[in-house]
>>> print(open('my_file-v7.cif').read())   # mmCIF, C-alpha atoms
data_coords
#
loop_
_atom_site.label_atom_id
_atom_site.label_comp_id
_atom_site.auth_asym_id
_atom_site.auth_seq_id
_atom_site.Cartn_x
_atom_site.Cartn_y
_atom_site.Cartn_z
CA MET A 635 71.05 143.06 51.57
CA ASN A 636 69.41 146.07 49.93
CA ASP A 637 66.53 147.37 52.07
CA ALA A 638 62.96 147.49 50.82
CA VAL A 639 61.72 150.93 51.83
CA ILE A 640 58.36 152.67 51.99
CA VAL A 641 58.63 155.96 50.14
CA ASP A 642 55.02 156.98 50.62
CA VAL A 643 51.68 155.47 51.58
CA VAL A 644 48.23 157.00 51.13
CA ARG A 645 44.55 156.15 51.41
CA THR A 646 41.11 157.52 50.75
CA ALA A 647 38.98 158.53 53.67
CA SER A 648 36.46 155.88 54.62
CA GLY A 649 32.98 155.90 53.16
CA LYS A 650 30.02 154.01 54.58
CA GLY A 651 29.69 150.83 52.56
CA LYS A 652 26.07 151.24 51.63
CA PRO A 653 24.06 153.16 49.02
CA GLY A 654 24.35 156.84 49.80
CA GLY A 655 27.74 156.48 51.47
CA ALA A 656 30.25 159.21 50.72
CA LEU A 657 32.17 157.06 48.20
CA SER A 658 29.31 154.92 46.90
CA GLY A 659 29.02 157.01 43.74
CA HIS A 660 32.57 156.14 42.69
CA HIS A 661 33.50 153.03 40.74
CA PRO A 662 36.05 150.92 42.69
CA ALA A 663 38.57 151.20 39.84
CA ASP A 664 38.28 154.98 40.13
CA LEU A 665 38.83 154.86 43.90
CA LEU A 666 42.02 152.87 43.43
CA ALA A 667 43.11 155.01 40.48
CA THR A 668 42.87 158.09 42.70
CA VAL A 669 45.40 156.82 45.24
CA LEU A 670 47.70 155.40 42.53
CA ALA A 671 47.79 158.74 40.75
CA ALA A 672 48.40 160.52 44.05
CA LEU A 673 51.49 158.40 44.78
CA VAL A 674 53.02 159.35 41.43
CA GLU A 675 52.14 163.03 41.76
CA ARG A 676 53.21 163.44 45.39
CA ASN A 677 56.61 161.91 44.71
CA ASP A 678 57.21 163.35 41.22
CA LEU A 679 57.75 159.79 39.99
CA ASP A 680 57.91 158.71 36.36
CA PRO A 681 55.34 155.86 36.34
CA THR A 682 57.24 154.03 33.61
CA LEU A 683 59.76 153.12 36.35
CA VAL A 684 57.20 151.06 38.27
CA ASP A 685 58.00 147.38 37.77
CA ASP A 686 54.67 146.02 39.05
CA VAL A 687 51.49 147.03 40.83
CA ILE A 688 50.07 144.43 43.22
CA GLY A 689 46.59 145.07 44.55
CA GLY A 690 44.33 143.43 47.11
CA CYS A 691 40.61 142.92 46.63
CA VAL A 692 38.35 140.34 48.28
CA THR A 693 35.09 140.39 46.32
CA GLN A 694 36.48 140.08 42.82
CA SER A 695 33.19 140.13 40.94
CA GLY A 696 31.02 142.70 39.20
CA GLU A 697 32.82 146.03 39.06
CA GLN A 698 35.81 144.51 40.89
CA ALA A 699 36.25 141.58 38.48
CA LEU A 700 38.85 140.98 35.75
CA ASN A 701 41.91 142.26 37.64
CA VAL A 702 40.62 145.54 39.07
CA THR A 703 44.21 146.61 39.86
CA ARG A 704 45.09 146.66 36.16
CA THR A 705 41.87 148.53 35.37
CA ALA A 706 42.68 151.10 38.04
CA LEU A 707 46.27 151.50 36.87
CA LEU A 708 45.09 152.34 33.35
CA ALA A 709 42.40 154.65 34.74
CA ALA A 710 45.14 156.46 36.69
CA GLY A 711 46.97 157.20 33.44
CA PHE A 712 49.91 154.86 33.99
CA PRO A 713 51.68 153.73 30.83
CA GLU A 714 50.28 150.57 29.29
CA SER A 715 53.69 148.95 29.81
CA VAL A 716 53.19 148.82 33.61
CA PRO A 717 51.70 145.45 34.70
CA ALA A 718 49.36 144.73 37.59
CA THR A 719 47.80 141.82 39.41
CA THR A 720 45.08 141.40 42.02
CA VAL A 721 45.47 139.06 45.01
CA ASP A 722 43.00 137.70 47.54
CA ARG A 723 44.14 136.79 51.03
CA GLN A 724 40.79 137.87 52.38
CA CYS A 725 41.02 140.81 54.80
CA GLY A 726 44.82 140.79 54.57
CA SER A 727 44.90 141.12 50.79
CA SER A 728 46.70 144.46 50.53
CA GLN A 729 48.99 143.63 53.44
CA GLN A 730 49.94 140.53 51.45
CA ALA A 731 50.37 142.77 48.40
CA ALA A 732 52.86 144.85 50.42
CA HIS A 733 54.70 141.66 51.38
CA PHE A 734 54.88 140.52 47.75
CA ALA A 735 56.07 143.94 46.59
CA ALA A 736 58.73 144.29 49.30
CA GLN A 737 59.90 140.71 48.90
CA GLY A 738 60.21 141.30 45.15
CA VAL A 739 62.46 144.28 45.90
CA LEU A 740 64.53 142.27 48.38
CA ALA A 741 64.92 139.48 45.82
CA GLY A 742 66.14 141.92 43.18
CA ALA A 743 63.13 141.28 40.93
CA TYR A 744 61.79 144.84 41.38
CA ASP A 745 63.38 148.25 41.79
CA ILE A 746 60.04 149.96 42.37
CA ALA A 747 56.64 148.41 43.06
CA ILE A 748 53.29 149.62 44.32
CA ALA A 749 51.20 147.66 46.80
CA CYS A 750 47.59 148.71 47.02
CA GLY A 751 44.03 147.61 47.63
CA VAL A 752 40.40 148.53 47.10
CA GLU A 753 36.95 147.47 48.20
CA SER A 754 33.63 149.11 47.39
CA MET A 755 31.29 147.30 49.74
CA SER A 756 28.40 149.55 48.70
CA ARG A 757 28.66 148.63 45.02
CA VAL A 758 30.04 145.08 45.30
CA PRO A 759 28.57 143.65 48.52
CA MET A 760 30.50 141.14 50.59
CA PHE A 761 29.70 137.53 49.59
CA SER A 762 28.12 138.67 46.30
CA SER A 763 30.81 136.74 44.44
CA VAL A 764 29.59 133.49 46.01
CA GLY A 765 26.06 133.72 44.68
CA GLY A 766 24.80 130.79 46.73
CA ALA A 767 27.50 128.44 45.44
CA ASP A 768 28.89 125.58 47.53
CA THR A 769 32.46 126.73 48.16
CA SER A 770 33.48 123.78 50.33
CA GLY A 771 33.50 120.72 48.12
CA GLU A 772 33.27 117.09 49.19
CA LEU A 773 36.86 116.67 50.40
CA LEU A 774 36.73 119.72 52.67
CA ARG A 775 33.44 118.50 54.15
CA ARG A 776 35.10 115.20 54.96
CA ARG A 777 37.75 117.02 56.97
CA TYR A 778 35.27 119.38 58.64
CA PRO A 779 31.99 117.44 58.66
CA GLU A 780 30.23 120.01 60.82
CA GLY A 781 31.11 122.74 58.34
CA LEU A 782 32.84 126.06 58.80
CA VAL A 783 31.16 129.13 60.25
CA GLN A 784 30.58 132.79 59.52
CA GLN A 785 33.12 135.18 61.06
CA GLY A 786 30.60 136.62 63.50
CA ILE A 787 30.26 133.19 65.10
CA SER A 788 34.06 132.93 65.25
CA ALA A 789 34.19 136.28 67.05
CA GLU A 790 31.58 135.07 69.54
CA LEU A 791 33.48 131.82 70.18
CA LEU A 792 36.69 133.74 70.79
CA ALA A 793 34.96 136.13 73.19
CA VAL A 794 33.74 133.15 75.21
CA ARG A 795 37.05 131.29 75.20
CA TRP A 796 39.08 134.37 76.16
CA LYS A 797 36.47 135.47 78.72
CA LEU A 798 35.95 138.86 77.10
CA GLU A 799 32.80 140.28 78.63
CA ARG A 800 30.30 142.48 76.80
CA ALA A 801 31.30 145.56 78.79
CA GLU A 802 34.96 145.11 77.86
CA LEU A 803 34.09 144.79 74.17
CA ASP A 804 31.92 147.90 74.27
CA GLU A 805 34.58 149.92 76.08
CA PHE A 806 37.17 148.93 73.49
CA ALA A 807 34.83 149.96 70.67
CA ALA A 808 34.14 153.32 72.29
CA ARG A 809 37.89 153.82 72.75
CA SER A 810 38.45 153.19 69.05
CA HIS A 811 36.07 156.02 68.17
CA ARG A 812 37.58 158.35 70.80
CA ARG A 813 41.11 157.82 69.55
CA ALA A 814 40.16 158.13 65.89
CA ALA A 815 38.12 161.27 66.53
CA ALA A 816 40.97 162.88 68.49
CA THR A 817 43.46 162.07 65.71
CA ALA A 818 41.14 163.46 63.04
CA ALA A 819 40.50 166.64 65.05
CA SER A 820 44.25 167.27 65.42
CA GLY A 821 44.91 166.73 61.70
CA GLY A 822 46.71 163.46 62.31
CA PHE A 823 45.16 161.75 59.27
CA ASP A 824 45.65 164.65 56.87
CA ARG A 825 48.95 163.50 55.37
CA GLU A 826 47.68 160.03 54.54
CA ILE A 827 44.27 160.91 53.09
CA VAL A 828 43.78 161.62 49.39
CA PRO A 829 40.42 163.38 48.79
CA VAL A 830 37.92 161.76 46.43
CA GLY A 831 35.26 164.05 45.03
CA GLY A 832 35.82 166.42 47.93
CA HIS A 833 35.45 163.66 50.53
CA ALA A 834 38.45 163.87 52.86
CA ALA A 835 37.19 162.83 56.31
CA ASP A 836 36.45 159.33 57.57
CA GLU A 837 32.69 158.93 57.45
CA THR A 838 32.65 155.98 59.84
CA ILE A 839 34.07 157.78 62.91
CA ARG A 840 31.38 158.55 65.47
CA ALA A 841 33.00 160.96 67.88
CA ALA A 842 30.06 160.99 70.29
CA THR A 843 30.00 157.21 70.79
CA THR A 844 29.68 156.17 74.44
CA VAL A 845 29.79 152.86 76.25
CA GLU A 846 26.23 153.47 77.39
CA GLN A 847 25.03 153.80 73.80
CA LEU A 848 26.86 150.65 72.75
CA ALA A 849 25.41 148.73 75.68
CA GLY A 850 21.94 149.31 74.24
CA LEU A 851 22.68 147.56 70.94
CA LYS A 852 21.36 144.08 70.28
CA PRO A 853 23.71 141.20 69.42
CA ALA A 854 24.32 141.06 65.69
CA PHE A 855 24.71 137.37 64.90
CA THR A 856 21.98 135.51 66.78
CA GLY A 857 20.08 134.75 63.58
CA LEU A 858 22.85 132.70 61.95
CA SER A 859 22.00 129.04 61.40
CA ASP A 860 25.29 128.02 63.02
CA ALA A 861 24.14 129.40 66.35
CA GLU A 862 22.39 126.25 67.51
CA ARG A 863 25.68 124.31 67.30
CA TYR A 864 27.29 126.48 69.98
CA PRO A 865 25.19 126.66 73.15
CA GLU A 866 28.15 128.20 75.01
CA ILE A 867 27.71 131.45 73.10
CA ASP A 868 25.81 134.08 75.07
CA TRP A 869 25.88 136.70 72.29
CA ARG A 870 28.22 139.58 73.07
CA ILE A 871 29.11 140.95 69.62
CA THR A 872 27.06 143.84 68.24
CA ALA A 873 27.30 146.14 65.25
CA GLY A 874 29.08 148.53 67.62
CA SER A 875 31.88 146.10 68.43
CA SER A 876 32.30 145.07 64.78
CA SER A 877 33.92 146.91 61.90
CA PRO A 878 31.37 148.57 59.58
CA TYR A 879 30.95 147.87 55.88
CA THR A 880 33.21 150.41 54.22
CA ASP A 881 34.33 151.74 50.84
CA GLY A 882 37.97 152.75 50.37
CA ALA A 883 41.32 152.37 48.65
CA SER A 884 44.95 152.67 49.72
CA ALA A 885 48.41 152.36 48.18
CA ALA A 886 52.11 152.25 49.14
CA LEU A 887 55.13 153.14 47.02
CA ILE A 888 57.88 150.61 47.76
CA ALA A 889 61.41 150.69 46.37
CA SER A 890 64.90 149.44 46.98
CA ALA A 891 66.96 151.81 49.11
CA ALA A 892 69.48 152.19 46.28
CA THR A 893 66.77 153.09 43.77
CA ALA A 894 65.21 155.59 46.13
CA GLU A 895 68.57 157.27 46.64
CA ARG A 896 69.29 157.32 42.91
CA LEU A 897 65.95 158.95 42.13
CA GLY A 898 66.06 161.39 45.04
CA LEU A 899 63.12 159.78 46.82
CA ARG A 900 63.08 160.07 50.62
CA PRO A 901 62.27 156.76 52.33
CA ARG A 902 59.98 157.00 55.33
CA ALA A 903 60.35 153.46 56.68
CA ARG A 904 61.90 150.10 55.86
CA PHE A 905 60.44 146.61 56.08
CA ARG A 906 62.08 144.71 58.92
CA SER A 907 60.31 141.33 58.78
CA PHE A 908 57.26 139.50 57.42
CA ALA A 909 55.15 136.53 58.50
CA VAL A 910 52.05 134.75 57.33
CA THR A 911 50.43 131.79 59.03
CA GLY A 912 47.39 129.57 58.91
CA SER A 913 45.16 128.96 61.93
CA ASP A 914 42.05 127.02 62.92
CA PRO A 915 39.45 127.84 60.23
CA LEU A 916 36.65 127.51 62.78
CA LEU A 917 38.03 130.09 65.19
CA MET A 918 39.49 131.81 62.15
CA LEU A 919 40.33 135.16 63.74
CA ASP A 920 43.03 134.27 66.28
CA GLY A 921 45.83 133.71 63.75
CA VAL A 922 47.13 137.18 64.66
CA VAL A 923 48.76 135.67 67.75
CA PRO A 924 51.01 133.04 66.08
CA ALA A 925 51.66 135.41 63.17
CA THR A 926 52.91 138.08 65.61
CA ARG A 927 55.12 135.63 67.47
CA LYS A 928 56.56 134.47 64.16
CA VAL A 929 57.30 137.97 62.86
CA LEU A 930 58.89 139.03 66.17
CA ASP A 931 61.10 135.94 66.16
CA ARG A 932 62.21 136.62 62.60
CA ALA A 933 63.03 140.22 63.46
CA GLY A 934 64.83 139.28 66.68
CA LEU A 935 62.63 141.69 68.63
CA SER A 936 60.43 141.48 71.71
CA ILE A 937 56.92 142.90 71.87
CA ASP A 938 58.23 145.59 74.24
CA ALA A 939 60.59 146.86 71.51
CA ILE A 940 57.62 147.77 69.31
CA GLU A 941 56.33 151.29 69.87
CA ALA A 942 52.99 150.94 68.06
CA TYR A 943 50.78 148.00 67.14
CA GLU A 944 48.10 148.08 64.46
CA VAL A 945 45.87 145.03 65.01
CA ASN A 946 42.90 145.12 62.67
CA GLU A 947 39.63 145.57 64.51
CA ALA A 948 37.47 143.24 62.43
CA PHE A 949 35.70 142.54 65.73
CA ALA A 950 36.64 143.83 69.18
CA PRO A 951 37.69 140.38 70.52
CA VAL A 952 40.56 140.16 68.01
CA PRO A 953 42.81 142.99 69.29
CA LEU A 954 41.78 142.28 72.88
CA LEU A 955 42.78 138.61 72.80
CA TRP A 956 45.94 139.58 70.90
CA GLN A 957 46.84 142.08 73.63
CA ARG A 958 46.23 139.52 76.35
CA ALA A 959 48.14 136.71 74.63
CA LEU A 960 51.18 138.89 73.88
CA GLY A 961 51.17 140.88 77.12
CA ALA A 962 51.16 144.02 75.00
CA ASP A 963 50.84 147.59 76.24
CA PRO A 964 47.22 148.71 75.61
CA GLY A 965 48.40 152.28 75.16
CA ARG A 966 50.36 151.26 72.06
CA LEU A 967 47.51 149.23 70.57
CA ASN A 968 45.75 151.04 67.71
CA PRO A 969 46.72 154.44 69.14
CA ARG A 970 44.82 156.30 66.39
CA GLY A 971 41.74 154.12 66.60
CA GLY A 972 41.07 151.11 64.42
CA ALA A 973 38.65 149.58 61.97
CA ILE A 974 35.68 149.80 64.35
CA ALA A 975 35.94 153.58 63.88
CA LEU A 976 37.95 153.98 60.67
CA GLY A 977 36.23 151.22 58.72
CA HIS A 978 37.34 147.98 57.12
CA PRO A 979 37.24 148.15 53.31
CA LEU A 980 38.44 144.52 53.14
CA GLY A 981 40.99 144.50 50.31
CA ALA A 982 42.24 148.00 51.15
CA SER A 983 42.68 147.56 54.90
CA GLY A 984 46.25 146.23 54.90
CA THR A 985 47.82 149.26 53.24
CA ARG A 986 45.40 151.50 55.18
CA LEU A 987 46.88 150.18 58.42
CA LEU A 988 50.34 150.73 56.98
CA ALA A 989 49.55 154.38 56.19
CA THR A 990 48.31 155.04 59.71
CA LEU A 991 51.26 153.20 61.28
CA VAL A 992 53.93 155.08 59.28
CA ASN A 993 52.38 158.44 60.10
CA HIS A 994 52.04 157.60 63.79
CA LEU A 995 55.70 156.56 64.06
CA GLU A 996 56.76 159.79 62.37
CA ALA A 997 54.55 161.90 64.63
CA THR A 998 55.80 160.25 67.82
CA GLY A 999 59.41 159.52 66.89
CA GLY A 1000 58.87 155.78 67.34
CA ARG A 1001 61.26 153.34 65.71
CA TYR A 1002 59.40 150.05 65.23
CA GLY A 1003 55.79 149.40 64.29
CA LEU A 1004 53.92 146.14 63.90
CA GLN A 1005 50.70 145.44 62.05
CA THR A 1006 48.73 142.22 61.88
CA MET A 1007 45.47 141.20 60.29
CA CYS A 1008 43.13 138.25 60.84
CA GLU A 1009 41.81 136.71 57.63
CA GLY A 1010 38.91 134.57 56.49
CA GLY A 1011 39.53 130.84 56.37
CA GLY A 1012 41.93 130.98 59.31
CA MET A 1013 45.04 132.95 58.31
CA ALA A 1014 46.94 136.05 59.40
CA ASN A 1015 49.66 138.35 58.11
CA ALA A 1016 52.10 140.26 60.30
CA THR A 1017 54.63 142.94 59.33
CA ILE A 1018 57.26 144.89 61.23
CA ILE A 1019 58.51 148.20 59.86
CA GLU A 1020 61.25 150.51 61.06
CA ARG A 1021 60.97 154.27 60.73
CA ILE A 1022 63.85 155.92 58.88
#
>>> encode(input="my_file-v7.cif", output="structure tokens")
Amino acid sequence: MNDAVIVDVVRTASGKGKPGGALSGHHPADLLATVLAALVERNDLDPTLVDDVIGGCVTQSGEQALNVTRTALLAAGFPESVPATTVDRQCGSSQQAAHFAAQGVLAGAYDIAIACGVESMSRVPMFSSVGGADTSGELLRRRYPEGLVQQGISAELLAVRWKLERAELDEFAARSHRRAAATAASGGFDREIVPVGGHAADETIRAATTVEQLAGLKPAFTGLSDAERYPEIDWRITAGSSSPYTDGASAALIASAATAERLGLRPRARFRSFAVTGSDPLLMLDGVVPATRKVLDRAGLSIDAIEAYEVNEAFAPVPLLWQRALGADPGRLNPRGGAIALGHPLGASGTRLLATLVNHLEATGGRYGLQTMCEGGGMANATIIERI
């Protein structure tokens, strides 16, 4: 079978997802256009050869409505003949885009595809697409009569059930900032970041973060109406142990190995296996565990064979329970920091993780990397790549 290879993968630096953030002055289509154009320029690629562009975006309303991936592609100067589509698998949207692109290559439907994602949380706030609408419907309420919950409640429930104490969550959050700050200071993110309007450093990293500072923060989700339903919650999750609202975009150039060779493109990694799974929509965030087991089984690998794990830090309990459930080496978990420090621009996070993972494997000489992402509604994606 012809390999699906990653030729290049890039991202913007993170911007705080609020008015006045470093990227808040840029339209989301322009953010995505910047990384799409960079892929073509960096690899001296004729964009007419791209068979499809698949983008992730969660809040597909306002400036991100009407297939923002197509809008961005045209803004990037791609030929009108190149198609695009936008997918929503919640936080895993661009990781799913990478799966679709690579699977299209493996199936012989594509020679070259781009997987990408964007989210401007400053300009198109999370949940703004809902507008107060009832998204459940009568049949879903029959199945879940008590209703589903906000992700912050899910994170609290998981912290209780996995016995993750407040101090452990705060220490993990501080570690995320330490690792990200150290990587940034050494230039470890330079190859993956495409500047936007002169902004080339992750705005969400707080290098001076300490456990003592985090311990002083108040719990973030006590005011949710769901709280009364769960007396077992003792409120451990704060803004410090959660990923911040973030603006950003990312993109990966994916091709068949034969096409890359024919065009003189140097592959950096190949896709080894894929998995996607559903999980309890109440707990919602623990699908990373079965997704990881599934992707390891499909690859015929053990967790010990993987040299780096990127587990999205939507909330600190997610990577911590994943580590405990899999018996994974904490030193290999998010070695360059994670979303608590680097930000979580929803639809862009999947290919952002991929960029960081590829560059880490190259810097350390590692062979296999795994990334996994919890997703709203109780789902998770998992991917294993192999450095070339």
>>> residues_near_point(input="my_file-v7.cif", point="(45.8, 133.4, 71.0)", cutoff="7 Å", atoms="all atoms listed in the file", output="PDB file with C-alpha atoms, in the coordinates of the input")
ATOM      1  CA  ASP A 920      43.030 134.270  66.280  1.00  0.00           C
ATOM      2  CA  VAL A 923      48.760 135.670  67.750  1.00  0.00           C
ATOM      3  CA  LEU A 955      42.780 138.610  72.800  1.00  0.00           C
ATOM      4  CA  TRP A 956      45.940 139.580  70.900  1.00  0.00           C
ATOM      5  CA  ALA A 959      48.140 136.710  74.630  1.00  0.00           C
TER       6      ALA A 959
END
>>> resolve_selection(input="my_file-v7.cif", expression="the PyMOL selection byres ((chain A and resi 702) around 9)", output="PyMOL selection string")
chain A and resi 662-663+666+689+691+694+697-701+703-707+718-720+752
>>> closest_atom_pairs(input="my_file-v7.cif", of="segment 861-959 of chain A", to="segment 638-657 of chain A", cutoff="8 Å", atoms="only C-alpha atoms", output="CSV")
residue,atom,partner,partner_atom,distance
A:Pro878,CA,A:Lys650,CA,7.5
A:Tyr879,CA,A:Gly651,CA,4.6
A:Thr880,CA,A:Gly651,CA,3.9
A:Asp881,CA,A:Gly649,CA,5.0
A:Gly882,CA,A:Ser648,CA,5.5
A:Ala883,CA,A:Thr646,CA,5.6
A:Ser884,CA,A:Arg645,CA,3.9
A:Ala885,CA,A:Val644,CA,5.5
A:Ala886,CA,A:Val643,CA,4.1
A:Leu887,CA,A:Asp642,CA,5.3
A:Ile888,CA,A:Ile640,CA,4.7
A:Ala889,CA,A:Val639,CA,5.5
A:Ser890,CA,A:Ala638,CA,4.7
A:Ala891,CA,A:Val639,CA,6.0
A:Ala894,CA,A:Val641,CA,7.7
A:Leu899,CA,A:Val641,CA,6.8
A:Arg900,CA,A:Val641,CA,6.1
A:Pro901,CA,A:Val641,CA,4.3
A:Arg902,CA,A:Val641,CA,5.5
A:Ala903,CA,A:Ile640,CA,5.2
A:Arg904,CA,A:Val639,CA,4.1
A:Phe905,CA,A:Ala638,CA,5.9
>>> atom_distance(input="my_file-v7.cif", atom1="atom CA of Asp836 of chain A", atom2="atom CA of Leu976 of chain A")
6.4 Å
>>> closest_residue(input="my_file-v7.cif", among="A:Ala950, A:Ile1022, A:Ala997, A:Ala973", to="Glu805 of chain A", atoms="only C-alpha atoms")
A:Ala950
>>> closest_residue(input="my_file-v7.cif", among="A:Gly1012, A:Gly738, A:Pro681, A:Gly822", to="Val910 of chain A", atoms="only C-alpha atoms")
A:Gly1012
>>> closest_residue(input="my_file-v7.cif", among="A:Thr838, A:Ser763, A:Ser695, A:Ser876", to="Asp804 of chain A", atoms="all atoms listed in the file")
A:Ser876
>>> closest_residue(input="my_file-v7.cif", among="A:Pro924, A:Gly972, A:Gly857, A:Gly831", to="Arg986 of chain A", atoms="only C-alpha atoms")
A:Gly972
>>> axis_aligned_box(input="my_file-v7.cif", around="segment 748-759 of chain A", padding_each_side="4 Å", output="lines of an AutoDock Vina configuration file")
center_x = 40.8
center_y = 146.6
center_z = 47.0
size_x = 32.9
size_y = 14.0
size_z = 13.4
>>> closest_residue(input="my_file-v7.cif", among="A:Leu897, A:Leu665, A:Ala1014, A:Leu960", to="Ala925 of chain A", atoms="all atoms listed in the file")
A:Ala1014
